[in-house]
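A short worksheet on the structure shown next.
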Amino acid sequence: MALPVAFFAVFFAYPVAAIVARGLHVDGTWRFGRLADVLAQPDIRHVLWFTTWQALASTALTLLVALPGAYVFARLDFPGKDVLRAVVTVPFVLPTVVVGTAFLALVGRGGLLDDLWGLRLDTTVWAILLAHVFFNYAVVVRTVGGLWAQLDPRQEEAARMLGASRLAAWRRVTLPALGPAVAAAALMVFLFTFTSFGVVQILGGPTFSTLEVEIYRQTSEIFDLSTAAVLTLLQFAAVGAILVLHAWTVRRRESALRLVDASLTARRPRGAAQWALLGAVLVTVAFLLVLPLAVLVQRSLDAPRFAYYRALAHDDGGTFLVAPIDAIGNSLRYAAVATVIAVLIGSLAAAALARRDAGRLVRAFDALLMLPLGVSAVTVGFGFLITLDRPPLDLRGSWILVPLAQALVGAPFVVRTMLPVLRAVDERLREAAAVLGASPWRVWREVDLPIVRRALLVAAGFAFAVSLGEFGATVFIARPDNPTLPVAVARLLGRPGDLNYGQAMALSTILMVVCAVALLVLERLRTDRTGEF
């Protein structure tokens, strides 16, 4: 446990604390009154209001759109279900920059809606809300649908035999059992949308800004560390409250329920209502999830003879110090190193948390592991620059900074994937091996590893996918001559001209394909017990 604690203390807590302290500790005095000064600014209050409002609206809209999909995947059996499940999950592992770029290709200047009907939504809140639904649809389907598939349908059938209508039986029996899962999914969606950066950065324009976008603006454009520190503290407090509520809902979800094998609850659609619901979900997936990605690919092929893709191999002398295509190799190398770090740290943390004798402090560390997913990645990235610049950790000029920042995001996914599987290992197997003289390392190698090998591969895959798409911290610390794919896409979108726009679409398509392939491999490896998501 010492190594994971040290890793998060040095590469997460220390940079975040340092950037906040630098913003609030000025001229030898602590200026906590700065909080009131910042909150008194009308533009900051507008940012706080919009951040909260759009997160609530995105969460409500995502639940409205995705809950029917959760039912379809949980209770109905139909051809192509496994492939469709993978398609639904692809948006979740896509980098937010790609999501923003896909919707820009759909609703922005020269986008599909602009071409067909002259309708542009790229600078309206609807574009942001729809992009958030696109990104978080799988969170609801996986979290709620995963539990729904394991609920014993005989409980609801018993209520109907006692005279309850179909709606009354669902409302009084199924809905209370699903409540904690729905709440957990809603909180996760709210967390992801509350801290949204890439989507709002691309689609919001100068009109709409979330806390994360404003922290980036205050840090990199205005250089007002004091205001950025206050906003970071506000975001940190909000994320902490969300994670406490999420932990509570997870404990409720793990309460005693009559669960059955998920493969026994799904049936072929029966009746017009179920067929209509299946059709509605398929149409939703096609238009909300598949269409933006298809338009992204189509826009990348607009120029004849793959001109946008061929242009990636040439340095224009302005946007990059190297050819944009070099970002592909950079991203793959960084993500591979980040995956190794995340799997090592996450596996050790999960092993410590899975122990039956884990103390209260160890269990509290479980909640702290989720903080990197909600705390400003911009703050982490800028904190790296101002803290890791002197011995014995003088890393500011080193390439390793990028994988370290990416590993902070990947490690929580490793823990969430490994922890349930490790907790399911029968402790008596370990004890028997120890009694027969096996060392702790041999017990791990011959008892635990064969059981958790598949979960370990899935954890590595998720860590690789999320590391590949990390943007908030990487945009600060990636060297100009070694950009990652998301950073390269953002730079291209920030420059005028059809060629830059087309190259951004081409790079986004490449990144999307890499993430989709990784996800399809994960789906083939995944088992019902491989992780919580």
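The chains in the structure tokens are called A, B, ... from first to last as shown; in each chain the residues are counted from 1, and the ligands are counted from 1 in the order shown.
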Q: Considering only C-alpha atoms, return as JSON, numbers by chain whatever protein or nucleic-acid residues lie within 9 Å of Arg396 of chain A, sequence-local ones (same chain, fewer than 2 positions apart) excluded.
A: {"A": [384, 385, 386, 387, 388, 389, 390, 393, 394, 398, 399, 400, 401, 477]}
Go ahead and save the residues from that selection, with N, CA and C atoms, as an mmCIF file, in the first residue's frame.
```
data_model
loop_
_atom_site.group_PDB
_atom_site.id
_atom_site.type_symbol
_atom_site.label_atom_id
_atom_site.label_comp_id
_atom_site.auth_asym_id
_atom_site.auth_seq_id
_atom_site.Cartn_x
_atom_site.Cartn_y
_atom_site.Cartn_z
ATOM 1 N N PHE A 384 2.190 20.185 -12.042
ATOM 2 C CA PHE A 384 3.398 19.450 -12.414
ATOM 3 C C PHE A 384 4.517 20.412 -12.795
ATOM 4 N N LEU A 385 4.170 21.438 -13.549
ATOM 5 C CA LEU A 385 5.191 22.353 -14.054
ATOM 6 C C LEU A 385 5.854 23.162 -12.941
ATOM 7 N N ILE A 386 5.082 23.518 -11.899
ATOM 8 C CA ILE A 386 5.655 24.400 -10.872
ATOM 9 C C ILE A 386 6.200 23.638 -9.668
ATOM 10 N N THR A 387 5.944 22.325 -9.576
ATOM 11 C CA THR A 387 6.433 21.565 -8.421
ATOM 12 C C THR A 387 7.535 20.579 -8.787
ATOM 13 N N LEU A 388 7.427 19.978 -9.949
ATOM 14 C CA LEU A 388 8.402 18.953 -10.328
ATOM 15 C C LEU A 388 9.525 19.577 -11.143
ATOM 16 N N ASP A 389 10.113 20.636 -10.594
ATOM 17 C CA ASP A 389 11.141 21.374 -11.322
ATOM 18 C C ASP A 389 12.435 21.546 -10.535
ATOM 19 N N ARG A 390 12.585 20.750 -9.473
ATOM 20 C CA ARG A 390 13.810 20.856 -8.682
ATOM 21 C C ARG A 390 14.151 19.477 -8.107
ATOM 22 N N LEU A 393 13.130 15.674 -7.745
ATOM 23 C CA LEU A 393 12.116 15.400 -8.760
ATOM 24 C C LEU A 393 12.110 16.518 -9.804
ATOM 25 N N ASP A 394 13.233 16.709 -10.441
ATOM 26 C CA ASP A 394 13.329 17.707 -11.497
ATOM 27 C C ASP A 394 12.949 17.039 -12.823
ATOM 28 N N SER A 398 11.387 16.429 -18.737
ATOM 29 C CA SER A 398 11.391 15.005 -19.074
ATOM 30 C C SER A 398 10.068 14.596 -19.735
ATOM 31 N N TRP A 399 10.173 13.628 -20.636
ATOM 32 C CA TRP A 399 8.978 13.098 -21.312
ATOM 33 C C TRP A 399 8.084 12.324 -20.348
ATOM 34 N N ILE A 400 8.620 11.862 -19.209
ATOM 35 C CA ILE A 400 7.867 11.002 -18.302
ATOM 36 C C ILE A 400 6.700 11.737 -17.647
ATOM 37 N N LEU A 401 6.709 13.076 -17.680
ATOM 38 C CA LEU A 401 5.620 13.829 -17.065
ATOM 39 C C LEU A 401 4.274 13.459 -17.673
ATOM 40 N N ILE A 477 1.652 19.984 -20.354
ATOM 41 C CA ILE A 477 2.981 19.408 -20.152
ATOM 42 C C ILE A 477 3.558 18.712 -21.376
#
```
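DSSP annotation of segment 267-491 of chain A from backbone atoms: strand (DSSP E) residues are Asp389, Arg390, Leu393 and Asp394 of chain A.
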Q. Of the candidates A:Gly502, A:Lys81, A:Leu39, A:Val5, which shows the shortest atom-to-atom distance to Leu301 of chain A, using only C-alpha atoms?
A.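 Under the stated criterion, the closest residue is A:Gly502.
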Q.
Nearest residue to Ile328 of chain A out of A:Ser508, A:Thr265, A:Ser209, A:Gln298, using only C-alpha atoms?
A.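 Going through A:Ser508, A:Thr265, A:Ser209, A:Gln298 one by one, the smallest distance to Ile328 of chain A is for A:Ser508.
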Q.
Using Å and a single decimal, report how far atom CA of Tyr308 of chain A sits from atom CA of Gln503 of chain A.
A. 5.1 Å
Counting only C-alpha atoms, which residues of segment 423-487 of chain A sit at most 12 Å from some atom of segment 219-227 of chain A, and what is each one's closest atom pair with its distance in Å to one decimal, listed by chain and rising residue number, as a tab-separated table?
```
residue	atom	partner	partner_atom	distance
A:Gly472	CA	A:Ser220	CA	11.8
A:Ala473	CA	A:Ser220	CA	11.9
A:Val475	CA	A:Ser220	CA	10.3
A:Phe476	CA	A:Ser220	CA	8.5
A:Ile477	CA	A:Ser220	CA	12.0
```
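A straight line drawn from atom CA of Ala405 of chain A to atom CA of Arg454 of chain A is 25.6 Å long.
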